[in-house]
file model-v6.cif (mmCIF, C-alpha atoms)
data_coords
#
loop_
_atom_site.label_atom_id
_atom_site.label_comp_id
_atom_site.auth_asym_id
_atom_site.auth_seq_id
_atom_site.Cartn_x
_atom_site.Cartn_y
_atom_site.Cartn_z
CA MET A 640 29.84 -1.01 -18.88
CA LEU A 641 26.37 -2.39 -18.15
CA GLU A 642 24.63 -1.17 -15.00
CA LYS A 643 24.32 -3.96 -12.44
CA LYS A 644 20.74 -4.56 -11.35
CA ILE A 645 19.03 -6.41 -8.53
CA ARG A 646 17.32 -9.49 -9.96
CA LEU A 647 13.83 -9.41 -8.47
CA ALA A 648 11.18 -12.13 -8.66
CA THR A 649 7.70 -12.38 -7.15
CA CYS A 650 4.95 -14.93 -6.56
CA PHE A 651 1.34 -14.03 -5.72
CA SER A 652 2.50 -10.77 -7.28
CA GLY A 653 -0.74 -8.80 -6.96
CA ILE A 654 -0.35 -5.27 -8.23
CA GLY A 655 3.39 -5.20 -7.61
CA ALA A 656 4.06 -3.68 -4.18
CA ILE A 657 7.73 -4.65 -4.05
CA GLU A 658 8.13 -3.52 -7.66
CA GLN A 659 6.68 -0.15 -6.66
CA ALA A 660 9.07 -0.01 -3.69
CA PHE A 661 12.08 -0.57 -5.95
CA LYS A 662 10.78 2.07 -8.33
CA ARG A 663 10.21 4.67 -5.63
CA LEU A 664 13.63 4.01 -4.10
CA LYS A 665 15.20 4.18 -7.57
CA ILE A 666 17.09 0.93 -7.04
CA PRO A 667 18.28 -0.53 -10.37
CA HIS A 668 16.45 -3.82 -10.90
CA GLU A 669 14.96 -6.23 -13.39
CA ILE A 670 11.94 -8.45 -12.86
CA ILE A 671 12.97 -12.03 -13.59
CA PHE A 672 9.52 -13.52 -13.08
CA ALA A 673 6.15 -12.65 -11.60
CA GLY A 674 2.75 -14.29 -11.52
CA ASP A 675 -0.80 -14.33 -10.21
CA ILE A 676 -3.77 -16.57 -10.86
CA ASN A 677 -6.29 -13.72 -11.16
CA PRO A 678 -6.59 -12.44 -14.77
CA LYS A 679 -7.68 -8.97 -13.63
CA VAL A 680 -4.63 -8.73 -11.38
CA LYS A 681 -2.52 -9.78 -14.35
CA ALA A 682 -4.01 -6.92 -16.38
CA SER A 683 -3.10 -4.40 -13.68
CA TYR A 684 0.39 -5.79 -13.23
CA LEU A 685 1.32 -5.92 -16.89
CA ALA A 686 -0.03 -2.40 -17.44
CA ASN A 687 2.54 -1.15 -14.94
CA TYR A 688 5.54 -3.52 -15.03
CA LYS A 689 7.45 -5.62 -17.56
CA PRO A 690 8.53 -8.98 -16.12
CA GLN A 691 10.74 -11.20 -18.24
CA ASN A 692 8.54 -14.19 -17.43
CA TRP A 693 4.95 -14.55 -16.19
CA HIS A 694 3.18 -17.54 -14.61
CA ASP A 695 -0.59 -17.75 -14.17
CA ASP A 696 -0.62 -20.47 -11.52
CA ILE A 697 2.19 -21.09 -9.04
CA VAL A 698 1.16 -24.74 -8.71
CA ASN A 699 2.22 -25.34 -12.31
CA PHE A 700 5.24 -23.03 -12.21
CA ASN A 701 8.70 -24.60 -12.43
CA ALA A 702 11.33 -22.30 -10.95
CA ASN A 703 14.29 -24.66 -11.54
CA ASP A 704 15.09 -22.75 -14.72
CA PHE A 705 15.81 -19.69 -12.58
CA ARG A 706 18.19 -21.31 -10.11
CA GLY A 707 20.94 -18.82 -9.26
CA LYS A 708 19.26 -16.10 -11.32
CA VAL A 709 17.24 -14.42 -8.53
CA ASP A 710 18.60 -12.10 -5.84
CA ILE A 711 15.33 -11.37 -4.04
CA LEU A 712 12.08 -13.31 -4.10
CA VAL A 713 8.95 -11.74 -2.58
CA GLY A 714 5.54 -13.24 -1.99
CA GLY A 715 2.49 -12.92 0.20
CA ALA A 716 0.53 -16.15 -0.07
CA PRO A 717 -3.28 -15.72 0.14
CA CYS A 718 -4.08 -14.80 3.72
CA GLN A 719 -7.83 -15.40 3.94
CA ALA A 720 -7.27 -18.82 5.53
CA PHE A 721 -5.59 -17.18 8.54
CA SER A 722 -7.18 -13.71 8.62
CA MET A 723 -9.17 -12.59 11.66
CA VAL A 724 -11.78 -11.35 9.17
CA GLY A 725 -12.11 -14.76 7.51
CA LYS A 726 -13.12 -18.19 8.80
CA ARG A 727 -9.53 -19.05 9.81
CA LEU A 728 -9.61 -22.58 8.45
CA GLY A 729 -5.84 -22.53 8.06
CA PHE A 730 -4.37 -25.56 6.31
CA GLU A 731 -7.88 -26.97 5.85
CA ASP A 732 -8.44 -24.14 3.35
CA THR A 733 -6.61 -24.84 0.09
CA ARG A 734 -5.42 -21.24 0.05
CA GLY A 735 -3.68 -21.89 3.36
CA THR A 736 -1.40 -24.52 1.81
CA LEU A 737 -0.11 -22.25 -0.96
CA PHE A 738 2.77 -21.17 1.25
CA ARG A 739 4.23 -24.63 0.50
CA GLU A 740 4.29 -23.69 -3.18
CA PHE A 741 6.12 -20.50 -2.27
CA ALA A 742 8.60 -22.60 -0.25
CA ARG A 743 9.03 -24.90 -3.25
CA VAL A 744 9.86 -21.93 -5.49
CA ILE A 745 12.42 -20.76 -2.91
CA LYS A 746 14.09 -24.18 -2.90
CA GLU A 747 14.10 -24.35 -6.69
CA CYS A 748 15.44 -20.90 -7.59
CA GLU A 749 17.54 -20.36 -4.42
CA PRO A 750 17.32 -16.56 -4.05
CA GLU A 751 19.85 -14.81 -1.84
CA ILE A 752 16.98 -13.24 0.13
CA PHE A 753 13.24 -13.81 0.30
CA ILE A 754 10.47 -11.76 1.90
CA PHE A 755 7.24 -13.45 2.98
CA GLU A 756 4.26 -11.33 4.07
CA ASN A 757 1.01 -12.39 5.66
CA VAL A 758 -1.65 -11.39 8.19
CA ARG A 759 -0.80 -11.10 11.87
CA GLY A 760 -3.35 -13.83 12.66
CA LEU A 761 -0.99 -16.39 11.10
CA ILE A 762 1.21 -16.22 14.22
CA ASN A 763 -1.39 -17.42 16.72
CA HIS A 764 -3.46 -19.59 14.39
CA ASP A 765 -3.99 -23.05 15.88
CA SER A 766 -2.19 -21.94 19.07
CA GLY A 767 0.91 -21.03 17.11
CA LYS A 768 1.36 -24.45 15.49
CA THR A 769 0.70 -23.13 11.97
CA TRP A 770 3.47 -20.55 12.19
CA GLU A 771 5.84 -23.15 13.64
CA VAL A 772 5.21 -25.41 10.65
CA ILE A 773 5.87 -22.54 8.24
CA GLN A 774 9.09 -21.53 9.99
CA THR A 775 10.31 -25.12 10.04
CA THR A 776 9.59 -25.40 6.32
CA PHE A 777 11.58 -22.26 5.53
CA LYS A 778 14.47 -23.18 7.84
CA GLU A 779 14.91 -26.92 7.47
CA HIS A 780 13.37 -27.69 4.10
CA CYS A 781 14.64 -24.56 2.31
CA GLY A 782 17.74 -23.94 4.43
CA TYR A 783 17.27 -20.23 5.18
CA ASP A 784 18.04 -18.14 8.25
CA LEU A 785 14.91 -16.22 9.34
CA CYS A 786 14.04 -12.87 10.87
CA TRP A 787 10.38 -12.00 11.39
CA LYS A 788 8.30 -9.29 12.99
CA VAL A 789 4.82 -7.74 12.92
CA LEU A 790 4.96 -4.23 11.42
CA ASN A 791 2.20 -1.62 11.24
CA SER A 792 2.04 0.65 8.19
CA LYS A 793 1.17 3.64 10.40
CA ASP A 794 4.70 3.38 11.82
CA TYR A 795 6.26 3.81 8.39
CA GLY A 796 4.60 6.87 6.90
CA ILE A 797 1.22 5.52 5.80
CA PRO A 798 -1.84 6.55 7.90
CA GLN A 799 -3.45 3.13 7.84
CA ASN A 800 -3.69 0.87 10.87
CA ARG A 801 -2.54 -2.26 9.07
CA GLU A 802 -0.53 -4.86 10.96
CA ARG A 803 1.17 -7.55 8.91
CA LEU A 804 3.73 -10.26 9.52
CA TYR A 805 6.98 -9.81 7.61
CA CYS A 806 9.47 -12.66 7.40
CA VAL A 807 12.87 -12.14 5.76
CA GLY A 808 14.91 -15.21 4.87
CA PHE A 809 18.65 -15.21 4.14
CA LYS A 810 20.51 -17.90 2.21
CA HIS A 811 23.64 -16.79 4.04
CA LYS A 812 23.22 -15.56 7.60
CA GLN A 813 23.33 -11.77 7.97
CA ASN A 814 23.05 -9.24 10.74
CA PHE A 815 19.65 -7.77 9.99
CA GLU A 816 17.29 -5.68 12.09
CA PHE A 817 13.82 -4.59 11.09
CA PRO A 818 13.36 -0.84 10.59
CA LYS A 819 12.48 1.18 13.66
CA PRO A 820 9.07 2.93 13.73
CA THR A 821 8.97 6.56 12.65
CA GLU A 822 6.67 9.40 13.66
CA LEU A 823 3.53 9.57 11.52
CA LYS A 824 3.34 13.01 9.98
CA THR A 825 0.30 12.56 7.74
CA THR A 826 -3.37 11.71 8.14
CA MET A 827 -5.77 9.88 5.87
CA GLN A 828 -7.08 13.27 4.73
CA ASP A 829 -3.69 14.03 3.22
CA PHE A 830 -4.24 11.19 0.76
CA LEU A 831 -7.68 12.25 -0.47
CA GLU A 832 -8.18 13.42 -4.02
CA ASP A 833 -10.32 16.38 -3.03
CA PHE A 834 -7.73 17.81 -0.66
CA CYS A 835 -4.19 16.79 -1.46
CA ASP A 836 -3.48 16.01 -5.07
CA SER A 837 -0.66 18.50 -4.69
CA LYS A 838 1.12 19.88 -1.65
CA TYR A 839 0.49 23.34 -3.02
CA PHE A 840 -3.27 23.13 -2.54
CA LEU A 841 -4.75 24.20 0.75
CA LYS A 842 -6.99 21.92 2.75
CA GLU A 843 -10.52 23.03 3.54
CA LYS A 844 -9.45 24.77 6.75
CA GLY A 845 -6.84 26.78 4.87
CA VAL A 846 -9.24 27.72 2.08
CA LYS A 847 -11.80 28.98 4.59
CA PHE A 848 -9.13 31.02 6.34
CA VAL A 849 -7.66 32.54 3.20
CA THR A 850 -11.04 33.38 1.68
CA SER A 851 -12.62 34.79 4.82
CA HIS A 852 -13.82 38.38 4.52
CA LYS A 853 -11.65 39.49 7.45
CA ASN A 854 -8.47 38.01 6.01
CA ARG A 855 -9.02 39.26 2.46
CA GLN A 856 -9.11 42.84 3.73
CA LYS A 857 -5.53 42.55 5.01
CA ARG A 858 -2.64 43.66 2.87
CA TYR A 859 -0.50 40.53 3.30
CA THR A 860 -2.93 38.07 1.65
CA GLN A 861 -3.95 38.09 -1.99
CA ILE A 862 -5.98 35.79 -4.23
CA ASN A 863 -5.46 35.76 -8.02
CA GLY A 864 -3.47 38.99 -7.82
CA LYS A 865 -1.75 40.40 -10.89
CA ILE A 866 1.34 41.59 -9.01
CA ALA A 867 2.92 39.34 -6.37
CA LEU A 868 3.17 40.54 -2.82
CA CYS A 869 6.46 40.88 -1.01
CA GLN A 870 7.43 37.34 0.03
CA LYS A 871 7.97 36.49 3.70
CA ALA A 872 10.09 33.63 5.01
CA ASN A 873 7.36 31.99 7.09
CA GLN A 874 4.26 32.81 5.04
CA GLN A 875 3.58 29.16 4.20
CA PHE A 876 3.04 28.42 7.88
CA ASN A 877 0.60 31.29 8.37
CA TRP A 878 -1.41 30.90 5.15
CA HIS A 879 -0.47 34.38 4.04
CA GLY A 880 0.93 35.65 0.74
CA ASP A 881 -0.20 34.91 -2.82
CA PHE A 882 -2.88 32.33 -3.65
CA VAL A 883 -4.55 31.29 -6.87
CA PHE A 884 -7.69 29.31 -7.59
CA SER A 885 -7.22 26.64 -10.23
CA GLU A 886 -9.45 23.84 -11.51
CA ALA A 887 -6.50 21.59 -12.27
CA LEU A 888 -2.76 21.38 -12.05
CA ASP A 889 -1.01 20.02 -15.11
CA ASP A 890 2.01 18.11 -13.84
CA ASP A 891 3.67 16.90 -17.03
CA GLU A 892 1.90 13.65 -17.85
CA PHE A 893 -0.83 13.74 -15.24
CA VAL A 894 -3.67 16.13 -14.52
CA PHE A 895 -4.80 16.34 -10.92
CA ASN A 896 -8.39 17.38 -10.37
CA VAL A 897 -8.80 19.26 -7.12
CA ASN A 898 -12.00 19.36 -5.05
CA GLU A 899 -13.61 17.10 -7.60
CA VAL A 900 -14.59 13.51 -6.91
CA GLU A 901 -16.96 11.67 -9.20
CA GLU A 902 -20.58 11.48 -8.11
CA LYS A 903 -20.55 7.67 -8.09
CA TYR A 904 -18.33 7.66 -4.99
CA TYR A 905 -20.90 9.53 -2.89
CA LEU A 906 -23.36 7.44 -0.93
CA SER A 907 -27.09 7.66 -1.37
CA GLN A 908 -29.15 8.52 1.69
CA LYS A 909 -30.12 4.87 2.04
CA LEU A 910 -26.51 3.71 1.98
CA THR A 911 -25.47 6.53 4.30
CA ASP A 912 -28.03 5.43 6.85
CA TYR A 913 -26.72 1.87 6.59
CA VAL A 914 -22.98 2.52 6.91
CA LEU A 915 -23.52 4.99 9.76
CA ALA A 916 -25.81 2.64 11.68
CA SER A 917 -24.37 1.56 15.03
CA GLY A 918 -25.47 -2.02 14.42
CA THR A 919 -28.18 -4.23 15.85
CA LYS A 920 -29.19 -5.39 19.31
CA ASN A 921 -26.55 -8.11 19.24
CA PHE A 922 -23.93 -6.36 17.10
CA LYS A 923 -22.54 -2.89 17.80
CA THR A 924 -19.98 -1.05 15.71
CA SER A 925 -18.31 2.35 15.53
CA THR A 926 -19.89 5.04 13.36
CA LYS A 927 -16.80 7.24 13.09
CA THR A 928 -15.78 8.57 9.70
CA ASP A 929 -12.95 10.89 8.60
CA LEU A 930 -10.41 9.03 10.72
CA PRO A 931 -6.87 10.47 10.85
CA VAL A 932 -5.50 6.91 10.57
CA ALA A 933 -7.46 4.67 8.23
CA ARG A 934 -8.87 1.32 9.18
CA PRO A 935 -7.21 -1.58 7.34
CA LEU A 936 -8.19 -1.56 3.68
CA LEU A 937 -10.02 -4.81 2.92
CA GLN A 938 -10.20 -6.69 -0.37
CA SER A 939 -13.99 -6.69 0.18
CA MET A 940 -14.32 -2.93 0.73
CA HIS A 941 -16.21 -2.54 -2.56
CA LYS A 942 -19.17 -4.08 -0.72
CA MET A 943 -19.25 -1.05 1.61
CA HIS A 944 -19.49 -2.44 5.11
CA ARG A 945 -20.56 -0.34 8.09
CA ALA A 946 -18.36 2.58 9.11
CA GLY A 947 -16.80 0.51 11.89
CA VAL A 948 -15.22 -1.75 9.27
CA ASP A 949 -14.53 0.38 6.19
CA ASN A 950 -13.34 3.95 5.66
CA TYR A 951 -15.62 6.87 4.74
CA VAL A 952 -15.04 10.60 4.47
CA THR A 953 -17.29 13.64 4.34
CA HIS A 954 -17.08 16.35 1.72
CA SER A 955 -19.41 19.28 1.20
CA GLY A 956 -21.76 17.87 3.82
CA ARG A 957 -22.04 14.47 2.13
CA ILE A 958 -20.44 11.14 2.94
CA ARG A 959 -18.50 9.12 0.40
CA LYS A 960 -16.31 6.06 0.16
CA LEU A 961 -12.64 6.23 -0.74
CA THR A 962 -11.86 6.28 -4.45
CA PRO A 963 -9.63 3.55 -5.95
CA ARG A 964 -6.87 6.12 -6.40
CA GLU A 965 -7.07 7.08 -2.72
CA CYS A 966 -6.90 3.41 -1.73
CA LEU A 967 -3.80 2.99 -3.86
CA ARG A 968 -2.22 6.00 -2.20
CA LEU A 969 -2.99 4.54 1.22
CA MET A 970 -1.12 1.41 0.11
CA GLY A 971 1.90 3.45 -0.98
CA PHE A 972 1.38 3.51 -4.77
CA ASP A 973 2.13 6.82 -6.44
CA ASP A 974 -0.20 8.37 -8.98
CA SER A 975 1.79 7.07 -11.93
CA PHE A 976 0.25 3.64 -11.27
CA LYS A 977 -2.14 2.96 -14.14
CA ILE A 978 -5.68 1.82 -13.29
CA VAL A 979 -6.93 -0.43 -16.10
CA VAL A 980 -9.60 -2.48 -14.32
CA SER A 981 -13.03 -1.75 -12.86
CA ASP A 982 -13.43 0.02 -9.53
CA THR A 983 -14.54 -3.22 -7.88
CA ALA A 984 -11.44 -5.05 -9.08
CA MET A 985 -9.18 -2.17 -8.07
CA TYR A 986 -10.63 -2.08 -4.56
CA GLN A 987 -9.99 -5.82 -4.24
CA GLN A 988 -6.46 -5.53 -5.58
CA ALA A 989 -5.54 -2.61 -3.34
CA GLY A 990 -6.96 -4.38 -0.29
CA ASN A 991 -4.91 -7.50 -1.05
CA SER A 992 -1.65 -5.63 -1.61
CA ILE A 993 1.35 -5.20 0.66
CA VAL A 994 1.98 -1.62 1.85
CA VAL A 995 4.76 -0.24 -0.32
CA ASP A 996 6.25 2.05 2.32
CA VAL A 997 6.81 -0.82 4.75
CA LEU A 998 8.65 -2.74 2.05
CA MET A 999 10.70 0.37 1.30
CA ALA A 1000 11.73 0.59 4.96
CA ILE A 1001 12.79 -3.07 4.90
CA LEU A 1002 14.72 -2.62 1.65
CA LYS A 1003 16.60 0.32 3.15
CA GLU A 1004 17.70 -1.89 6.05
CA LEU A 1005 18.90 -4.51 3.56
CA ASN A 1006 21.26 -1.92 2.02
CA LEU A 1007 20.63 -3.29 -1.45
CA LYS A 1008 22.67 -0.70 -3.28
CA ASP A 1009 25.72 -1.78 -1.27
CA LYS A 1010 24.94 -5.43 -1.97
CA LEU A 1011 24.83 -5.01 -5.74
CA CYS A 1012 28.49 -6.01 -5.88
CA GLU A 1013 27.87 -9.06 -3.70
CA PHE A 1014 24.99 -10.52 -5.67
#
call {"tool": "encode", "arguments": {"input": "model-v6.cif", "output": "C-alpha cells"}}
result
Amino acid sequence: MLEKKIRLATCFSGIGAIEQAFKRLKIPHEIIFAGDINPKVKASYLANYKPQNWHDDIVNFNANDFRGKVDILVGGAPCQAFSMVGKRLGFEDTRGTLFREFARVIKECEPEIFIFENVRGLINHDSGKTWEVIQTTFKEHCGYDLCWKVLNSKDYGIPQNRERLYCVGFKHKQNFEFPKPTELKTTMQDFLEDFCDSKYFLKEKGVKFVTSHKNRQKRYTQINGKIALCQKANQQFNWHGDFVFSEALDDDEFVFNVNEVEEKYYLSQKLTDYVLASGTKNFKTSTKTDLPVARPLLQSMHKMHRAGVDNYVTHSGRIRKLTPRECLRLMGFDDSFKIVVSDTAMYQQAGNSIVVDVLMAILKELNLKDKLCEF
C-alpha cells in the first residue's frame, strides 16, 4: 500500500521554507510545483528539493493543469513594495501587484488550504486599504475563508525579532486558531558557528570556567583524561566531569568546525568604525552588538549596514558579521541545507525567506497528519 502524502505547492518559493518545515516535522509530502524568477534562488532550491514541476515566472505559469492536485499552496509575494524598510509604493510598485498572480494560481489549482506571508507593514499600508483589497480578493474572487495574524519568530523558538503577517485560507471553513507564543529558550549566540555547532560544546563562559587554574586542580573536573571520572547526575549543569578538546566533530555526513570562522567574515578596522558609529547629526542609531535576540535579517544585509540595522557579534576581541550558515539557522534551516551560491546571494535569500519554525507551528495547528485521510 502506497504511503499517502500531502501534496504541497509553492509560488515565490525562495529557498523552500515550507518545504524545510515539512522535512523537519517529518510529514510525508510531495512537491507538486514550485517556482521563482531569480536563477540563483532556483539553484539553491533545486540543490535541496525535488519538485515535480518548476516555473521561472509566475506571470506565465498556468496552474489549471493542477486543479484538484494540490492540498496546500504557500507563497510570500515580494514584500518590498509594502516594507517599512522600502519606499512603500504598494500597488504602484509592480512587485506589489504580484499577489494577484498568487490569487490567480489559487483560483486555478483550488488547493484545500493556502498560506500567504508578507511584511507587517502590509496591514496599515494606505490606511489599511491595501490589505482590505487583498482580503476581498482572497475571499470573494477566490472563495476562501480567511484567518490572519501577525506572528513574531521570537515567540516560536527562533531568537530573531521578525514580525510577519500570516494569512491562512481554507476552501472549506474550519475551526483554526494560530499557535500560541512559547517561551524563548535560546539566544542568537546559540546559533553561531563558533559556539554552538553541537550542544556538546561549551560556550566561551563554560570553557573559561572549565579551563581555569582553580577548577582544574579539583578532583571532579578533568580535561582529555584517559580514565573517566565517576559520573554525577547533575554534572552537566555545573560544568563538572569529563571534557575533551576537539577541532571538529564528525557527525556522519557533516563536519562541524568549532571556534573557527573564516577570516573573510571579520570586519576590517575601517568597517568596524563604520558599523559601530552612532550615526550623524541628523541620524542616530544603536551601536549594540551581540544581541540575545537578533534584529530582523534583511535581504540587503550583505551590504553591512550600521549596527542598529544589521547583526554583528564579537569573537576573540574582534567584530564580525553573521555567516550565511548562521543566517540560515536564524531562519530555521538545519545544517543539512546545501549552500551552492555566493555569500552575497545566500544573505539575500536568507533575508527574503519565511522563518521555518513559525511555519512549523502553523502546520502543527493544522493537524496535517490527521488530515491525510481527508485530502
call {"tool": "resolve_selection", "arguments": {"input": "model-v6.cif", "expression": "the PyMOL selection byres ((chain A and resi 746-749) around 6)", "output": "PyMOL selection string"}}
result
chain A and resi 702-703+705-706+743-745+750+781
call {"tool": "atom_distance", "arguments": {"input": "model-v6.cif", "atom1": "CA of Cys966 (chain A)", "atom2": "CA of Val952 (chain A)"}}
result
12.5 Å
call {"tool": "residues_around", "arguments": {"input": "model-v6.cif", "residues": "region 805-822 of chain A", "least_positions_apart": "2", "cutoff": "8 Å", "atoms": "all atoms listed in the file", "output": "PyMOL selection string"}}
result
chain A and resi 749-757+777+782-790+794-796+803+824+1000-1001+1004-1005
call {"tool": "resolve_selection", "arguments": {"input": "model-v6.cif", "expression": "the PyMOL selection byres ((chain A and resi 800) around 10)", "output": "MDAnalysis selection string"}}
result
chainID A and resid 791:794 797:799 801:803 932:936
call {"tool": "residues_near_point", "arguments": {"input": "model-v6.cif", "point": "(3.2, -21.4, -0.7)", "cutoff": "12 Å", "atoms": "all atoms listed in the file", "output": "mmCIF file with C-alpha atoms, keeping the file's coordinate frame"}}
result
data_model
loop_
_atom_site.group_PDB
_atom_site.id
_atom_site.type_symbol
_atom_site.label_atom_id
_atom_site.label_comp_id
_atom_site.auth_asym_id
_atom_site.auth_seq_id
_atom_site.Cartn_x
_atom_site.Cartn_y
_atom_site.Cartn_z
ATOM 1 C CA THR A 649 7.700 -12.380 -7.150
ATOM 2 C CA CYS A 650 4.950 -14.930 -6.560
ATOM 3 C CA PHE A 651 1.340 -14.030 -5.720
ATOM 4 C CA ASP A 696 -0.620 -20.470 -11.520
ATOM 5 C CA ILE A 697 2.190 -21.090 -9.040
ATOM 6 C CA VAL A 698 1.160 -24.740 -8.710
ATOM 7 C CA PHE A 700 5.240 -23.030 -12.210
ATOM 8 C CA VAL A 713 8.950 -11.740 -2.580
ATOM 9 C CA GLY A 714 5.540 -13.240 -1.990
ATOM 10 C CA GLY A 715 2.490 -12.920 0.200
ATOM 11 C CA ALA A 716 0.530 -16.150 -0.070
ATOM 12 C CA PRO A 717 -3.280 -15.720 0.140
ATOM 13 C CA CYS A 718 -4.080 -14.800 3.720
ATOM 14 C CA PHE A 730 -4.370 -25.560 6.310
ATOM 15 C CA THR A 733 -6.610 -24.840 0.090
ATOM 16 C CA ARG A 734 -5.420 -21.240 0.050
ATOM 17 C CA GLY A 735 -3.680 -21.890 3.360
ATOM 18 C CA THR A 736 -1.400 -24.520 1.810
ATOM 19 C CA LEU A 737 -0.110 -22.250 -0.960
ATOM 20 C CA PHE A 738 2.770 -21.170 1.250
ATOM 21 C CA ARG A 739 4.230 -24.630 0.500
ATOM 22 C CA GLU A 740 4.290 -23.690 -3.180
ATOM 23 C CA PHE A 741 6.120 -20.500 -2.270
ATOM 24 C CA ALA A 742 8.600 -22.600 -0.250
ATOM 25 C CA ARG A 743 9.030 -24.900 -3.250
ATOM 26 C CA VAL A 744 9.860 -21.930 -5.490
ATOM 27 C CA ILE A 745 12.420 -20.760 -2.910
ATOM 28 C CA LYS A 746 14.090 -24.180 -2.900
ATOM 29 C CA PHE A 755 7.240 -13.450 2.980
ATOM 30 C CA GLU A 756 4.260 -11.330 4.070
ATOM 31 C CA ASN A 757 1.010 -12.390 5.660
ATOM 32 C CA ILE A 773 5.870 -22.540 8.240
ATOM 33 C CA THR A 776 9.590 -25.400 6.320
ATOM 34 C CA PHE A 777 11.580 -22.260 5.530
#
call {"tool": "atom_distance", "arguments": {"input": "model-v6.cif", "atom1": "CA of Glu901 (chain A)", "atom2": "CA of Ala916 (chain A)"}}
result
24.4 Å
call {"tool": "atom_distance", "arguments": {"input": "model-v6.cif", "atom1": "CA of Gly956 (chain A)", "atom2": "CA of Gly990 (chain A)"}}
result
27.0 Å
call {"tool": "closest_residue", "arguments": {"input": "model-v6.cif", "among": "A:Arg959, A:Lys679, A:Lys1003, A:His954", "to": "Ser981 (chain A)", "atoms": "all atoms listed in the file"}}
result
A:Lys679
call {"tool": "resolve_selection", "arguments": {"input": "model-v6.cif", "expression": "the PyMOL selection byres ((chain A and resi 648) around 6)", "output": "number ranges by chain"}}
result
A: 647, 649, 670-673, 712
call {"tool": "closest_residue", "arguments": {"input": "model-v6.cif", "among": "A:Thr962, A:Phe830, A:Lys903, A:Tyr684", "to": "Leu930 (chain A)", "atoms": "only C-alpha atoms"}}
result
A:Phe830
call {"tool": "build_atoms", "arguments": {"input": "model-v6.cif", "residues": "region 952-963 of chain A", "atoms": "N, CA, C and O atoms", "output": "JSON list (two decimals), keeping the file's coordinate frame"}}
result
[["chain", "number", "residue", "atom", "x", "y", "z"],
["A", 952, "VAL", "N", -15.40, 9.21, 4.22],
["A", 952, "VAL", "CA", -15.04, 10.60, 4.47],
["A", 952, "VAL", "C", -16.21, 11.50, 4.10],
["A", 952, "VAL", "O", -17.08, 11.11, 3.31],
["A", 953, "THR", "N", -16.25, 12.69, 4.67],
["A", 953, "THR", "CA", -17.29, 13.64, 4.34],
["A", 953, "THR", "C", -16.71, 14.77, 3.50],
["A", 953, "THR", "O", -15.55, 15.16, 3.67],
["A", 954, "HIS", "N", -17.50, 15.26, 2.60],
["A", 954, "HIS", "CA", -17.08, 16.35, 1.72],
["A", 954, "HIS", "C", -18.32, 17.12, 1.31],
["A", 954, "HIS", "O", -19.30, 16.54, 0.85],
["A", 955, "SER", "N", -18.28, 18.41, 1.53],
["A", 955, "SER", "CA", -19.41, 19.28, 1.20],
["A", 955, "SER", "C", -20.70, 18.79, 1.85],
["A", 955, "SER", "O", -21.78, 18.84, 1.25],
["A", 956, "GLY", "N", -20.58, 18.30, 3.07],
["A", 956, "GLY", "CA", -21.76, 17.87, 3.82],
["A", 956, "GLY", "C", -22.29, 16.50, 3.45],
["A", 956, "GLY", "O", -23.31, 16.07, 3.97],
["A", 957, "ARG", "N", -21.59, 15.80, 2.55],
["A", 957, "ARG", "CA", -22.04, 14.47, 2.13],
["A", 957, "ARG", "C", -20.96, 13.45, 2.47],
["A", 957, "ARG", "O", -19.78, 13.77, 2.57],
["A", 958, "ILE", "N", -21.38, 12.20, 2.62],
["A", 958, "ILE", "CA", -20.44, 11.14, 2.94],
["A", 958, "ILE", "C", -20.12, 10.34, 1.69],
["A", 958, "ILE", "O", -20.98, 10.15, 0.82],
["A", 959, "ARG", "N", -18.88, 9.92, 1.56],
["A", 959, "ARG", "CA", -18.50, 9.12, 0.40],
["A", 959, "ARG", "C", -17.47, 8.07, 0.82],
["A", 959, "ARG", "O", -16.81, 8.17, 1.85],
["A", 960, "LYS", "N", -17.35, 7.07, -0.03],
["A", 960, "LYS", "CA", -16.31, 6.06, 0.16],
["A", 960, "LYS", "C", -15.00, 6.56, -0.44],
["A", 960, "LYS", "O", -14.97, 7.56, -1.17],
["A", 961, "LEU", "N", -13.92, 5.88, -0.15],
["A", 961, "LEU", "CA", -12.64, 6.23, -0.74],
["A", 961, "LEU", "C", -12.66, 5.86, -2.22],
["A", 961, "LEU", "O", -13.27, 4.87, -2.62],
["A", 962, "THR", "N", -11.98, 6.61, -3.03],
["A", 962, "THR", "CA", -11.86, 6.28, -4.45],
["A", 962, "THR", "C", -10.74, 5.24, -4.61],
["A", 962, "THR", "O", -9.89, 5.09, -3.74],
["A", 963, "PRO", "N", -10.73, 4.51, -5.72],
["A", 963, "PRO", "CA", -9.63, 3.55, -5.95],
["A", 963, "PRO", "C", -8.27, 4.22, -5.89],
["A", 963, "PRO", "O", -7.31, 3.63, -5.36]]
